Each structure stands twice: as C-alpha cells, then as structure tokens.
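Engineer: Supplied structure: structure_35.cif, mmCIF, C-alpha atoms.
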```cif
data_upload
loop_
_atom_site.label_atom_id
_atom_site.label_comp_id
_atom_site.auth_asym_id
_atom_site.auth_seq_id
_atom_site.Cartn_x
_atom_site.Cartn_y
_atom_site.Cartn_z
CA MET A 760 10.81 -26.43 13.70
CA SER A 761 10.06 -24.23 16.68
CA ARG A 762 7.81 -25.74 19.35
CA VAL A 763 6.42 -22.38 20.46
CA LEU A 764 3.84 -20.59 18.33
CA PRO A 765 5.26 -17.01 18.42
CA GLU A 766 8.65 -18.36 17.35
CA LEU A 767 7.03 -20.44 14.61
CA PHE A 768 5.35 -17.31 13.25
CA ALA A 769 8.56 -15.28 13.58
CA ALA A 770 10.33 -17.87 11.44
CA ALA A 771 7.57 -17.53 8.83
CA VAL A 772 8.05 -13.75 8.82
CA ARG A 773 11.77 -14.16 8.23
CA ARG A 774 11.16 -16.71 5.49
CA ASP A 775 8.22 -15.14 3.63
CA GLY A 776 8.13 -11.58 4.99
CA GLY A 777 6.80 -9.62 2.03
CA ALA A 778 4.65 -12.32 0.48
CA PRO A 779 0.86 -12.37 1.00
CA PHE A 780 0.02 -14.26 4.17
CA LEU A 781 -3.65 -13.44 4.81
CA THR A 782 -6.03 -11.90 2.29
CA TYR A 783 -9.47 -11.03 3.66
CA TYR A 784 -12.73 -10.38 1.79
CA ASP A 785 -16.16 -9.40 3.04
CA ASP A 786 -18.58 -9.55 0.12
CA ALA A 787 -21.32 -7.85 2.15
CA THR A 788 -19.26 -4.66 2.47
CA GLY A 789 -16.86 -4.95 -0.47
CA GLU A 790 -13.85 -4.88 1.85
CA ARG A 791 -10.58 -6.47 0.79
CA ILE A 792 -7.35 -6.31 2.73
CA GLU A 793 -4.10 -8.13 2.04
CA LEU A 794 -1.60 -8.63 4.83
CA SER A 795 1.92 -9.85 4.27
CA ALA A 796 3.62 -11.79 7.05
CA VAL A 797 5.48 -8.59 8.00
CA THR A 798 2.30 -6.51 8.12
CA THR A 799 0.58 -9.20 10.18
CA ALA A 800 3.54 -9.21 12.56
CA ASN A 801 3.23 -5.43 13.00
CA TRP A 802 -0.45 -5.79 13.94
CA VAL A 803 0.43 -8.65 16.29
CA ALA A 804 3.11 -6.58 18.04
CA LYS A 805 0.80 -3.57 18.46
CA THR A 806 -1.95 -5.77 19.86
CA ALA A 807 0.41 -7.67 22.15
CA ASN A 808 1.68 -4.36 23.56
CA LEU A 809 -1.94 -3.30 24.10
CA LEU A 810 -2.72 -6.55 25.90
CA ALA A 811 0.33 -6.34 28.13
CA ASP A 812 0.50 -2.60 28.83
CA GLU A 813 -3.15 -1.56 28.95
CA TYR A 814 -4.92 -4.74 30.07
CA ASP A 815 -2.13 -6.39 32.11
CA LEU A 816 -2.68 -9.74 30.40
CA GLU A 817 -0.21 -12.27 31.77
CA SER A 818 0.92 -15.86 31.45
CA GLY A 819 -1.75 -18.19 32.81
CA GLU A 820 -4.63 -15.92 31.79
CA THR A 821 -6.99 -16.52 28.89
CA VAL A 822 -8.56 -14.72 25.94
CA ALA A 823 -11.91 -15.55 24.33
CA ILE A 824 -12.22 -14.52 20.68
CA GLY A 825 -15.83 -13.71 19.83
CA LEU A 826 -15.32 -12.55 16.24
CA PRO A 827 -16.74 -13.85 12.96
CA PRO A 828 -14.27 -15.13 10.35
CA HIS A 829 -12.00 -12.08 10.18
CA TRP A 830 -8.33 -11.21 9.84
CA LEU A 831 -8.33 -9.63 13.30
CA GLY A 832 -9.06 -13.04 14.81
CA VAL A 833 -5.69 -14.25 13.51
CA VAL A 834 -3.98 -11.15 14.92
CA TRP A 835 -5.56 -11.67 18.32
CA ALA A 836 -4.62 -15.35 18.45
CA LEU A 837 -0.97 -14.61 17.67
CA SER A 838 -0.94 -11.65 20.08
CA THR A 839 -2.38 -13.73 22.90
CA TRP A 840 0.35 -16.34 22.48
CA SER A 841 3.00 -13.62 22.24
CA VAL A 842 2.27 -12.38 25.77
CA GLY A 843 2.24 -15.95 27.12
CA ALA A 844 -1.53 -16.20 27.59
CA SER A 845 -3.81 -18.79 25.98
CA LEU A 846 -7.03 -18.88 24.00
CA THR A 847 -10.19 -20.38 25.41
CA SER A 848 -13.52 -21.56 24.07
CA LYS A 849 -15.05 -20.58 27.42
CA THR A 850 -15.21 -17.24 29.25
CA GLY A 851 -11.80 -15.62 29.10
CA THR A 852 -10.01 -13.33 31.48
CA LEU A 853 -10.27 -10.95 28.54
CA ALA A 854 -12.52 -11.12 25.49
CA ILE A 855 -12.46 -9.54 22.05
CA THR A 856 -15.92 -9.16 20.56
CA GLY A 857 -17.38 -7.69 17.41
CA PRO A 858 -19.94 -4.88 17.09
CA ASP A 859 -22.66 -7.16 18.47
CA PHE A 860 -20.88 -7.10 21.89
CA ALA A 861 -21.99 -10.73 22.30
CA VAL A 862 -18.93 -12.00 24.20
CA ARG A 863 -17.71 -10.59 27.51
CA GLY A 864 -14.51 -11.20 29.47
CA GLU A 865 -14.23 -11.76 33.19
CA ARG A 866 -11.97 -8.76 33.71
CA GLU A 867 -11.92 -6.86 30.44
CA THR A 868 -13.94 -6.73 27.24
CA VAL A 869 -12.53 -5.22 24.06
CA ALA A 870 -14.62 -4.68 20.94
CA SER A 871 -13.78 -4.15 17.30
CA ALA A 872 -16.12 -2.37 14.91
CA LEU A 873 -14.71 -4.66 12.17
CA LEU A 874 -14.24 -1.63 9.95
CA PRO A 875 -11.46 -1.49 7.34
CA LEU A 876 -7.95 -1.30 8.82
CA GLY A 877 -9.29 -2.03 12.29
CA GLY A 878 -10.97 1.37 12.53
CA ARG A 879 -12.66 2.65 15.66
CA PHE A 880 -16.39 2.70 16.32
CA ARG A 881 -18.27 5.68 14.91
CA GLU A 882 -20.55 5.76 17.95
CA PRO A 883 -19.62 5.42 21.65
CA VAL A 884 -19.28 1.85 22.84
CA PRO A 885 -21.24 0.65 25.90
CA ASP A 886 -19.82 1.29 29.35
CA GLY A 887 -17.23 -1.24 30.43
CA ILE A 888 -16.13 -2.06 26.87
CA GLN A 889 -12.90 -0.83 25.31
CA ASP A 890 -12.68 0.23 21.65
CA TYR A 891 -9.83 -1.71 20.05
CA GLY A 892 -9.58 0.63 17.07
CA ALA A 893 -9.24 3.67 19.32
CA GLU A 894 -6.36 2.19 21.29
CA VAL A 895 -4.26 -0.15 19.19
CA TYR A 896 -2.63 2.49 16.99
CA ASN A 897 -1.02 4.11 20.04
CA HIS A 898 1.24 1.11 20.58
CA PRO A 899 4.60 0.26 18.98
CA ASP A 900 4.99 -2.40 16.33
CA VAL A 901 7.83 -4.15 18.18
CA PHE A 902 6.98 -6.39 21.12
CA VAL A 903 9.37 -7.96 23.65
CA PRO A 904 7.60 -10.47 25.92
CA PHE A 905 8.17 -10.32 29.66
CA ASP A 906 7.15 -13.96 30.20
CA PRO A 907 7.19 -15.80 26.86
CA PRO A 908 5.49 -19.17 26.51
CA THR A 909 7.23 -22.54 26.52
CA PRO A 910 6.27 -25.65 24.52
CA ASP A 911 4.27 -26.85 27.53
CA SER A 912 2.37 -23.58 28.01
CA PRO A 913 -1.40 -23.69 27.34
CA ALA A 914 -2.32 -22.42 23.87
CA TYR A 915 -6.01 -23.30 23.47
CA ASP A 916 -8.12 -24.88 26.21
CA ASP A 917 -6.25 -28.06 27.18
CA LEU A 918 -3.88 -27.96 24.22
CA THR A 919 -0.30 -26.72 24.63
CA HIS A 920 1.88 -24.98 22.06
CA GLU A 921 3.59 -28.31 21.46
CA ASP A 922 0.21 -30.01 20.96
CA LEU A 923 -1.00 -27.52 18.35
CA ILE A 924 2.27 -27.57 16.42
CA SER A 925 2.63 -31.36 16.52
CA ALA A 926 -0.95 -31.93 15.35
CA ALA A 927 -0.91 -29.41 12.51
CA GLU A 928 -0.40 -30.69 8.99
CA PRO A 929 1.92 -28.27 7.13
CA VAL A 930 0.12 -26.40 4.35
CA ALA A 931 2.21 -24.98 1.51
CA ASP A 932 -0.76 -24.08 -0.72
CA ARG A 933 -2.69 -20.86 -1.08
CA ILE A 934 -6.06 -21.87 0.33
CA LEU A 935 -9.49 -20.22 0.30
CA VAL A 936 -11.56 -20.68 3.46
CA GLN A 937 -14.77 -19.29 4.92
CA GLN A 938 -14.41 -20.67 8.44
CA THR A 939 -13.17 -18.95 11.54
CA LEU A 940 -9.48 -19.55 12.17
CA THR A 941 -9.73 -19.20 15.94
CA ASP A 942 -11.62 -22.32 17.05
CA ARG A 943 -9.95 -25.70 17.49
CA ASP A 944 -10.19 -26.75 13.84
CA GLY A 945 -9.38 -23.31 12.50
CA LEU A 946 -6.31 -22.96 14.69
CA GLY A 947 -5.02 -26.28 13.41
CA LEU A 948 -5.32 -24.96 9.87
CA LEU A 949 -3.73 -21.61 10.76
CA VAL A 950 -0.76 -23.28 12.44
CA GLY A 951 -0.39 -25.60 9.46
CA VAL A 952 -0.21 -22.65 7.07
CA ILE A 953 2.38 -20.89 9.24
CA ALA A 954 4.46 -24.06 9.49
CA GLY A 955 4.20 -24.97 5.82
CA GLY A 956 4.71 -21.57 4.23
CA GLY A 957 1.24 -21.37 2.73
CA SER A 958 -1.19 -18.48 2.67
CA ILE A 959 -4.90 -17.89 3.26
CA VAL A 960 -7.72 -16.17 1.41
CA LEU A 961 -10.36 -15.73 4.10
CA CYS A 962 -13.84 -14.93 2.79
CA ARG A 963 -16.74 -13.70 4.91
CA ASN A 964 -20.24 -13.51 3.42
CA LEU A 965 -18.90 -15.09 0.25
CA ASP A 966 -20.93 -14.40 -2.88
CA ALA A 967 -20.97 -17.78 -4.59
CA ALA A 968 -21.16 -16.08 -7.99
CA LYS A 969 -17.72 -14.56 -7.34
CA LEU A 970 -15.97 -17.74 -6.24
CA GLU A 971 -14.55 -18.87 -9.60
CA ARG A 972 -13.19 -15.42 -10.42
CA ARG A 973 -11.73 -15.03 -6.92
CA VAL A 974 -9.93 -18.34 -7.14
CA ALA A 975 -8.36 -17.19 -10.41
CA ASP A 976 -7.55 -13.64 -9.26
CA GLU A 977 -5.97 -14.79 -6.00
CA LYS A 978 -4.18 -17.77 -7.55
CA VAL A 979 -5.84 -20.12 -5.06
CA ASP A 980 -4.59 -23.72 -5.07
CA ARG A 981 -7.40 -25.21 -2.96
CA VAL A 982 -10.86 -24.23 -1.78
CA LEU A 983 -11.70 -25.70 1.62
CA GLU A 984 -15.32 -26.28 2.56
#
```
Could you spell out this file's structure in structure tokens?

Structural biologist:
Amino acid sequence: MSRVLPELFAAAVRRDGGAPFLTYYDDATGERIELSAVTTANWVAKTANLLADEYDLESGETVAIGLPPHWLGVVWALSTWSVGASLTSKTGTLAITGPDFAVRGERETVASALLPLGGRFREPVPDGIQDYGAEVYNHPDVFVPFDPPTPDSPAYDDLTHEDLISAAEPVADRILVQQTLTDRDGLGLLVGVIAGGGSIVLCRNLDAAKLERRVADEKVDRVLE
C-alpha cells in the first residue's frame, strides 16, 4: 500500500475508476450528486491546478477547510495533499469557506456557494474573497505536482501522510455518514474508504423519514452515527 495519500487515491482510481466513490445528498435542497473515483480525480486535478497556479500554494503551507459536510470538502482535502500542502484545524495559509464566509485564510480565502456541480455565486462575493465556482472550471483535469509529498510530509496538523494511512482501518463497505470528512475523525474514515475500496453516501440535512429508503436505494451496508 502506498504511504502517500495522493498515490493511495490514484491506486483507488485505477482499481475502482468507474464505480461510485462518493454520493452526496442535501435533503434541504433536494440535491444529489454521484461521483465515481474518476470524476472525483478530475475535480481534484482541477482544484490542485487552481491551488498551485492561481494561489501559489506550496509544500509546507496549510489549508483550512471551513465547509459543512459536503463532497467539495473531500475534493479540497485530496487537492491540498496533491500539491504537497497540508490541512489544518487552525488558521490556514489558504482557506475554503462556504457561503457564510465564516473562515478566512492568512493569505487567501476562497469561497464556494455550495450550489450543484460547484457552481459560482449568483451575487458578487465580498472583497478579498475568491469565487471557487468562477475559477475552477478554467483549469485542466490533469495535475502534475512540482513538489509532491513524502510519507513524512504533514497531512493534517501534526499527523503525516504515513500517520493517517497507518491509523486508518480499511473500509470495504458502502457506508452512509452525516459527518464532515475533513476533521481528524472524518479524514481517518475517508482514508480508510480509499484504502479499503469502499464508498460513501454523505448526507447533509438528512430527513430521518427518508433514511430507510435511502439505505435501500443506495445499497448501503452500514449507517454510521
């Protein structure tokens, strides 16, 4: 098994490319999006190119993810690692925030409207904030890192790539979760799914009355609290 997270995900893409990897629901808006490993990899490459080319994010710098449970959080985590940077629970060199603009980065703040397909804001964003949806589509879906991470590179706060991979329990099941996948516990679960060949149904604002039907429709093996 690879000891570097971008390579671990690349192996999952080669192994399970067209299969569902991350299915996202928001019961408040009715949104559903299903991303295969290949589609996720395309979003990761576009975002990594954005981070490297537009925001000059480099090895040794950090990204704070201030998003609710959302598929874009997974994309941003994988993109951050792809450019050799790390995630942080503190103030990052760069931050990705939602439409509440609640999180700011030291050097750059990027915001997502959290609209379907990563769409741009319908109104102008505040000064000093970049609109992710207005910029990401301009970038290619192939990324070649200038300074890729090593097993000892920071991945999240004081944890290295090796630490996250070693600690993760492989998950082969299709699991339904409501939690963010970008904090310490969520990242452990995400890495476990990538390593084990599982998949995720991520539900935001879950309507409890729809849970039983969703488990059946999505062929969920386990529901995690």

Engineer: Tell me which protein, DNA and RNA residues are within 9 Å of Leu983 (chain A), counting only C-alpha atoms, leaving out same-chain ones fewer than 2 positions away, and put them as a PDB file with C-alpha atoms, in the coordinates of the input.

Structural biologist:
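Writing done, so here's around23.pdb:
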```
ATOM      1  CA  ILE A 934      -6.060 -21.870   0.330  1.00  0.00           C
ATOM      2  CA  LEU A 935      -9.490 -20.220   0.300  1.00  0.00           C
ATOM      3  CA  VAL A 936     -11.560 -20.680   3.460  1.00  0.00           C
ATOM      4  CA  GLN A 937     -14.770 -19.290   4.920  1.00  0.00           C
ATOM      5  CA  GLN A 938     -14.410 -20.670   8.440  1.00  0.00           C
ATOM      6  CA  ARG A 981      -7.400 -25.210  -2.960  1.00  0.00           C
TER       7      ARG A 981
END
```

Engineer: Could you name the residues that touch region 898-902 of chain A at 7 Å or less, counting only C-alpha atoms, but leaving out those on the same chain fewer than 4 positions away, as a list in words?

Structural biologist: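 The contact residues come out as Asn801, Trp802, Ala804, Lys805, Ala807, Asn808 and Leu809 of chain A.
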
Engineer: Would you please work out which residue, of A:Phe768, A:Phe780, A:Tyr891, A:Phe880, is nearest to Glu867 (chain A) when using all atoms listed in the file?

Structural biologist: A:Tyr891

Engineer: With distances taken over all atoms listed in the file, which residue among A:Leu781, A:Leu923, A:Leu876, A:Ile824 lies nearest Arg863 (chain A)?

Structural biologist: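 With all atoms listed in the file as the atom set, the closest residue is A:Ile824.
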
Engineer: Please list, as a VMD selection string, the residues that have an atom at most 8 Å away from (-6.9, -10.2, 10.1) in the coordinates of this file, counting all atoms listed in the file.

Structural biologist: chain A and resid 781 783 794 799 829 to 834

Engineer: For C-alpha atoms, I'd like the residues from the last selection saved as a PDB file, keeping the file's coordinate frame.

Structural biologist:
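Contents of the output file out-v9.pdb:
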```pdb
ATOM      1  CA  LEU A 781      -3.650 -13.440   4.810  1.00  0.00           C
ATOM      2  CA  TYR A 783      -9.470 -11.030   3.660  1.00  0.00           C
ATOM      3  CA  LEU A 794      -1.600  -8.630   4.830  1.00  0.00           C
ATOM      4  CA  THR A 799       0.580  -9.200  10.180  1.00  0.00           C
ATOM      5  CA  HIS A 829     -12.000 -12.080  10.180  1.00  0.00           C
ATOM      6  CA  TRP A 830      -8.330 -11.210   9.840  1.00  0.00           C
ATOM      7  CA  LEU A 831      -8.330  -9.630  13.300  1.00  0.00           C
ATOM      8  CA  GLY A 832      -9.060 -13.040  14.810  1.00  0.00           C
ATOM      9  CA  VAL A 833      -5.690 -14.250  13.510  1.00  0.00           C
ATOM     10  CA  VAL A 834      -3.980 -11.150  14.920  1.00  0.00           C
TER      11      VAL A 834
END
```

Engineer: With the file shown as input, list the residues that the PyMOL selection byres ((chain A and resi 965) around 10) selects, as a ChimeraX atom specification.

Structural biologist: /A:784-787,936-937,961-964,966-970

Engineer: Between A:Gly878, A:Val950, A:Thr821, A:Asp886, which one has atoms that come closest to Glu865 (chain A), using all atoms listed in the file?

Structural biologist: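 Looking only at the distances to Glu865 (chain A), the closest residue turns out to be A:Thr821.
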
Engineer: Skipping near chain neighbours, those fewer than 5 positions away, what residues fall within 10 Å of Val884 (chain A) using all atoms listed in the file, listed as a PyMOL selection string?

Structural biologist: chain A and resi 858+860+869-872+879+889-890

Engineer: Write to file, as a PDB file, keeping the file's coordinate frame, the residues of the selection just made, with C-alpha atoms.

Structural biologist:
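out_38.pdb, freshly written:
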```pdb
ATOM      1  CA  PRO A 858     -19.940  -4.880  17.090  1.00  0.00           C
ATOM      2  CA  PHE A 860     -20.880  -7.100  21.890  1.00  0.00           C
ATOM      3  CA  VAL A 869     -12.530  -5.220  24.060  1.00  0.00           C
ATOM      4  CA  ALA A 870     -14.620  -4.680  20.940  1.00  0.00           C
ATOM      5  CA  SER A 871     -13.780  -4.150  17.300  1.00  0.00           C
ATOM      6  CA  ALA A 872     -16.120  -2.370  14.910  1.00  0.00           C
ATOM      7  CA  ARG A 879     -12.660   2.650  15.660  1.00  0.00           C
ATOM      8  CA  GLN A 889     -12.900  -0.830  25.310  1.00  0.00           C
ATOM      9  CA  ASP A 890     -12.680   0.230  21.650  1.00  0.00           C
TER      10      ASP A 890
END
```

Engineer: So what do you get for CA of Arg973 (chain A) versus CA of Thr782 (chain A), distance-wise?

Structural biologist: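 Answer for the CA of Arg973 (chain A) to CA of Thr782 (chain A) separation: 11.3 Å.
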
Engineer: Work out how far CA of Glu928 (chain A) is from CA of Ala854 (chain A), in Å to one decimal.

Structural biologist: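 Taking CA of Ala854 (chain A) as the start and CA of Glu928 (chain A) as the end point, the length is 28.3 Å.
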
Engineer: Determine the residue membership of the PyMOL selection byres ((chain A and resi 815) around 12) for the file above and supply it as a PDB file with C-alpha atoms, in the frame of the given file.

Structural biologist:
```pdb
ATOM      1  CA  ALA A 807       0.410  -7.670  22.150  1.00  0.00           C
ATOM      2  CA  ASN A 808       1.680  -4.360  23.560  1.00  0.00           C
ATOM      3  CA  LEU A 809      -1.940  -3.300  24.100  1.00  0.00           C
ATOM      4  CA  LEU A 810      -2.720  -6.550  25.900  1.00  0.00           C
ATOM      5  CA  ALA A 811       0.330  -6.340  28.130  1.00  0.00           C
ATOM      6  CA  ASP A 812       0.500  -2.600  28.830  1.00  0.00           C
ATOM      7  CA  GLU A 813      -3.150  -1.560  28.950  1.00  0.00           C
ATOM      8  CA  TYR A 814      -4.920  -4.740  30.070  1.00  0.00           C
ATOM      9  CA  LEU A 816      -2.680  -9.740  30.400  1.00  0.00           C
ATOM     10  CA  GLU A 817      -0.210 -12.270  31.770  1.00  0.00           C
ATOM     11  CA  SER A 818       0.920 -15.860  31.450  1.00  0.00           C
ATOM     12  CA  GLY A 819      -1.750 -18.190  32.810  1.00  0.00           C
ATOM     13  CA  GLU A 820      -4.630 -15.920  31.790  1.00  0.00           C
ATOM     14  CA  THR A 821      -6.990 -16.520  28.890  1.00  0.00           C
ATOM     15  CA  THR A 839      -2.380 -13.730  22.900  1.00  0.00           C
ATOM     16  CA  VAL A 842       2.270 -12.380  25.770  1.00  0.00           C
ATOM     17  CA  GLY A 843       2.240 -15.950  27.120  1.00  0.00           C
ATOM     18  CA  ALA A 844      -1.530 -16.200  27.590  1.00  0.00           C
ATOM     19  CA  THR A 852     -10.010 -13.330  31.480  1.00  0.00           C
ATOM     20  CA  LEU A 853     -10.270 -10.950  28.540  1.00  0.00           C
ATOM     21  CA  ARG A 866     -11.970  -8.760  33.710  1.00  0.00           C
ATOM     22  CA  GLU A 867     -11.920  -6.860  30.440  1.00  0.00           C
ATOM     23  CA  PHE A 905       8.170 -10.320  29.660  1.00  0.00           C
TER      24      PHE A 905
END
```

Engineer: Quick one: distance from CA of Ala836 (chain A) to CA of Thr941 (chain A) in Å, one decimal?

Structural biologist: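 Those two atoms sit 6.9 Å apart.
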
Engineer: Find the residue from A:Gly864, A:Gly776, A:Pro929, A:Gly955 that sits nearest to Val822 (chain A); use all atoms listed in the file when measuring.

Structural biologist: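 Distance minimum relative to Val822 (chain A) lands on A:Gly864.
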
Engineer: Taking the file as shown, what set of residues would the PyMOL selection byres ((chain A and resi 920) around 10) give back, as a count of residues only?

Structural biologist: 22

Engineer: Which protein, DNA or RNA residues have an atom at most 10 Å from (9.2, -16.0, 9.7), counting all atoms listed in the file? List them as a VMD selection string.

Structural biologist: chain A and resid 765 to 776 796 to 797 800 953 to 954 956

Engineer: Write the residues of the selection above to a file with C-alpha atoms, as a PDB file, in the coordinates of the input.

Structural biologist:
```
ATOM      1  CA  PRO A 765       5.260 -17.010  18.420  1.00  0.00           C
ATOM      2  CA  GLU A 766       8.650 -18.360  17.350  1.00  0.00           C
ATOM      3  CA  LEU A 767       7.030 -20.440  14.610  1.00  0.00           C
ATOM      4  CA  PHE A 768       5.350 -17.310  13.250  1.00  0.00           C
ATOM      5  CA  ALA A 769       8.560 -15.280  13.580  1.00  0.00           C
ATOM      6  CA  ALA A 770      10.330 -17.870  11.440  1.00  0.00           C
ATOM      7  CA  ALA A 771       7.570 -17.530   8.830  1.00  0.00           C
ATOM      8  CA  VAL A 772       8.050 -13.750   8.820  1.00  0.00           C
ATOM      9  CA  ARG A 773      11.770 -14.160   8.230  1.00  0.00           C
ATOM     10  CA  ARG A 774      11.160 -16.710   5.490  1.00  0.00           C
ATOM     11  CA  ASP A 775       8.220 -15.140   3.630  1.00  0.00           C
ATOM     12  CA  GLY A 776       8.130 -11.580   4.990  1.00  0.00           C
ATOM     13  CA  ALA A 796       3.620 -11.790   7.050  1.00  0.00           C
ATOM     14  CA  VAL A 797       5.480  -8.590   8.000  1.00  0.00           C
ATOM     15  CA  ALA A 800       3.540  -9.210  12.560  1.00  0.00           C
ATOM     16  CA  ILE A 953       2.380 -20.890   9.240  1.00  0.00           C
ATOM     17  CA  ALA A 954       4.460 -24.060   9.490  1.00  0.00           C
ATOM     18  CA  GLY A 956       4.710 -21.570   4.230  1.00  0.00           C
TER      19      GLY A 956
END
```

Engineer: Give the centre and edge lengths of an axis-aligned box, in Å to one decimal, that holds all listed atoms of region 887-906 of chain A with 3 Å on each side, as lines of an AutoDock Vina configuration file.

Structural biologist:
```
center_x = -3.9
center_y = -4.9
center_z = 23.4
size_x = 32.6
size_y = 24.1
size_z = 20.1
```

Engineer: Determine the nearest neighbour of Gly947 (chain A) from the options A:Ala926, A:Arg933, A:Met760, A:Pro904, counting all atoms listed in the file.

Structural biologist: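 Residue with the minimum atom-to-atom distance to Gly947 (chain A): A:Ala926.
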
Engineer: Counting all atoms listed in the file, which residue out of A:Val903, A:Gly887, A:Asp980, A:Pro875 sits closest to Val930 (chain A)?

Structural biologist: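 Nearest to Val930 (chain A): A:Asp980.
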
Engineer: Could you add the missing atoms to region 931-947 of chain A, up to N, CA, C and O atoms, and return them as a PDB file, in the frame of the given file?

Structural biologist:
```pdb
ATOM      1  N   ALA A 931       1.385 -25.838   2.366  1.00  0.00           N
ATOM      2  CA  ALA A 931       2.210 -24.980   1.510  1.00  0.00           C
ATOM      3  C   ALA A 931       1.383 -24.261   0.449  1.00  0.00           C
ATOM      4  O   ALA A 931       1.883 -23.371  -0.241  1.00  0.00           O
ATOM      5  N   ASP A 932       0.109 -24.643   0.316  1.00  0.00           N
ATOM      6  CA  ASP A 932      -0.760 -24.080  -0.720  1.00  0.00           C
ATOM      7  C   ASP A 932      -1.317 -22.720  -0.318  1.00  0.00           C
ATOM      8  O   ASP A 932      -1.306 -22.332   0.847  1.00  0.00           O
ATOM      9  N   ARG A 933      -1.843 -22.025  -1.318  1.00  0.00           N
ATOM     10  CA  ARG A 933      -2.690 -20.860  -1.080  1.00  0.00           C
ATOM     11  C   ARG A 933      -4.115 -21.377  -1.034  1.00  0.00           C
ATOM     12  O   ARG A 933      -4.634 -21.895  -2.028  1.00  0.00           O
ATOM     13  N   ILE A 934      -4.755 -21.250   0.126  1.00  0.00           N
ATOM     14  CA  ILE A 934      -6.060 -21.870   0.330  1.00  0.00           C
ATOM     15  C   ILE A 934      -7.130 -20.800   0.535  1.00  0.00           C
ATOM     16  O   ILE A 934      -6.856 -19.731   1.080  1.00  0.00           O
ATOM     17  N   LEU A 935      -8.343 -21.100   0.074  1.00  0.00           N
ATOM     18  CA  LEU A 935      -9.490 -20.220   0.300  1.00  0.00           C
ATOM     19  C   LEU A 935     -10.393 -20.897   1.325  1.00  0.00           C
ATOM     20  O   LEU A 935     -10.774 -22.057   1.153  1.00  0.00           O
ATOM     21  N   VAL A 936     -10.729 -20.154   2.383  1.00  0.00           N
ATOM     22  CA  VAL A 936     -11.560 -20.680   3.460  1.00  0.00           C
ATOM     23  C   VAL A 936     -12.631 -19.659   3.826  1.00  0.00           C
ATOM     24  O   VAL A 936     -12.471 -18.459   3.594  1.00  0.00           O
ATOM     25  N   GLN A 937     -13.718 -20.162   4.407  1.00  0.00           N
ATOM     26  CA  GLN A 937     -14.770 -19.290   4.920  1.00  0.00           C
ATOM     27  C   GLN A 937     -14.936 -19.436   6.432  1.00  0.00           C
ATOM     28  O   GLN A 937     -15.706 -18.711   7.032  1.00  0.00           O
ATOM     29  N   GLN A 938     -14.242 -20.357   7.035  1.00  0.00           N
ATOM     30  CA  GLN A 938     -14.410 -20.670   8.440  1.00  0.00           C
ATOM     31  C   GLN A 938     -13.601 -19.732   9.333  1.00  0.00           C
ATOM     32  O   GLN A 938     -12.651 -19.083   8.881  1.00  0.00           O
ATOM     33  N   THR A 939     -14.000 -19.663  10.591  1.00  0.00           N
ATOM     34  CA  THR A 939     -13.170 -18.950  11.540  1.00  0.00           C
ATOM     35  C   THR A 939     -11.841 -19.693  11.708  1.00  0.00           C
ATOM     36  O   THR A 939     -11.779 -20.920  11.596  1.00  0.00           O
ATOM     37  N   LEU A 940     -10.802 -18.954  11.967  1.00  0.00           N
ATOM     38  CA  LEU A 940      -9.480 -19.550  12.170  1.00  0.00           C
ATOM     39  C   LEU A 940      -9.086 -19.542  13.632  1.00  0.00           C
ATOM     40  O   LEU A 940      -7.908 -19.728  13.957  1.00  0.00           O
ATOM     41  N   THR A 941     -10.060 -19.333  14.528  1.00  0.00           N
ATOM     42  CA  THR A 941      -9.730 -19.200  15.940  1.00  0.00           C
ATOM     43  C   THR A 941     -10.444 -20.212  16.834  1.00  0.00           C
ATOM     44  O   THR A 941     -10.358 -20.111  18.056  1.00  0.00           O
ATOM     45  N   ASP A 942     -11.140 -21.200  16.250  1.00  0.00           N
ATOM     46  CA  ASP A 942     -11.620 -22.320  17.050  1.00  0.00           C
ATOM     47  C   ASP A 942     -10.618 -23.463  16.892  1.00  0.00           C
ATOM     48  O   ASP A 942      -9.567 -23.320  16.257  1.00  0.00           O
ATOM     49  N   ARG A 943     -10.934 -24.607  17.463  1.00  0.00           N
ATOM     50  CA  ARG A 943      -9.950 -25.700  17.490  1.00  0.00           C
ATOM     51  C   ARG A 943      -9.545 -26.126  16.084  1.00  0.00           C
ATOM     52  O   ARG A 943      -8.350 -26.273  15.784  1.00  0.00           O
ATOM     53  N   ASP A 944     -10.515 -26.332  15.195  1.00  0.00           N
ATOM     54  CA  ASP A 944     -10.190 -26.750  13.840  1.00  0.00           C
ATOM     55  C   ASP A 944      -9.478 -25.649  13.069  1.00  0.00           C
ATOM     56  O   ASP A 944      -8.505 -25.896  12.348  1.00  0.00           O
ATOM     57  N   GLY A 945      -9.973 -24.428  13.224  1.00  0.00           N
ATOM     58  CA  GLY A 945      -9.380 -23.310  12.500  1.00  0.00           C
ATOM     59  C   GLY A 945      -7.943 -23.032  12.929  1.00  0.00           C
ATOM     60  O   GLY A 945      -7.089 -22.713  12.087  1.00  0.00           O
ATOM     61  N   LEU A 946      -7.666 -23.171  14.210  1.00  0.00           N
ATOM     62  CA  LEU A 946      -6.310 -22.960  14.690  1.00  0.00           C
ATOM     63  C   LEU A 946      -5.357 -24.009  14.132  1.00  0.00           C
ATOM     64  O   LEU A 946      -4.200 -23.710  13.807  1.00  0.00           O
ATOM     65  N   GLY A 947      -5.849 -25.251  14.007  1.00  0.00           N
ATOM     66  CA  GLY A 947      -5.020 -26.280  13.410  1.00  0.00           C
ATOM     67  C   GLY A 947      -4.639 -25.932  11.983  1.00  0.00           C
ATOM     68  O   GLY A 947      -3.486 -26.125  11.561  1.00  0.00           O
TER      69      GLY A 947
END
```
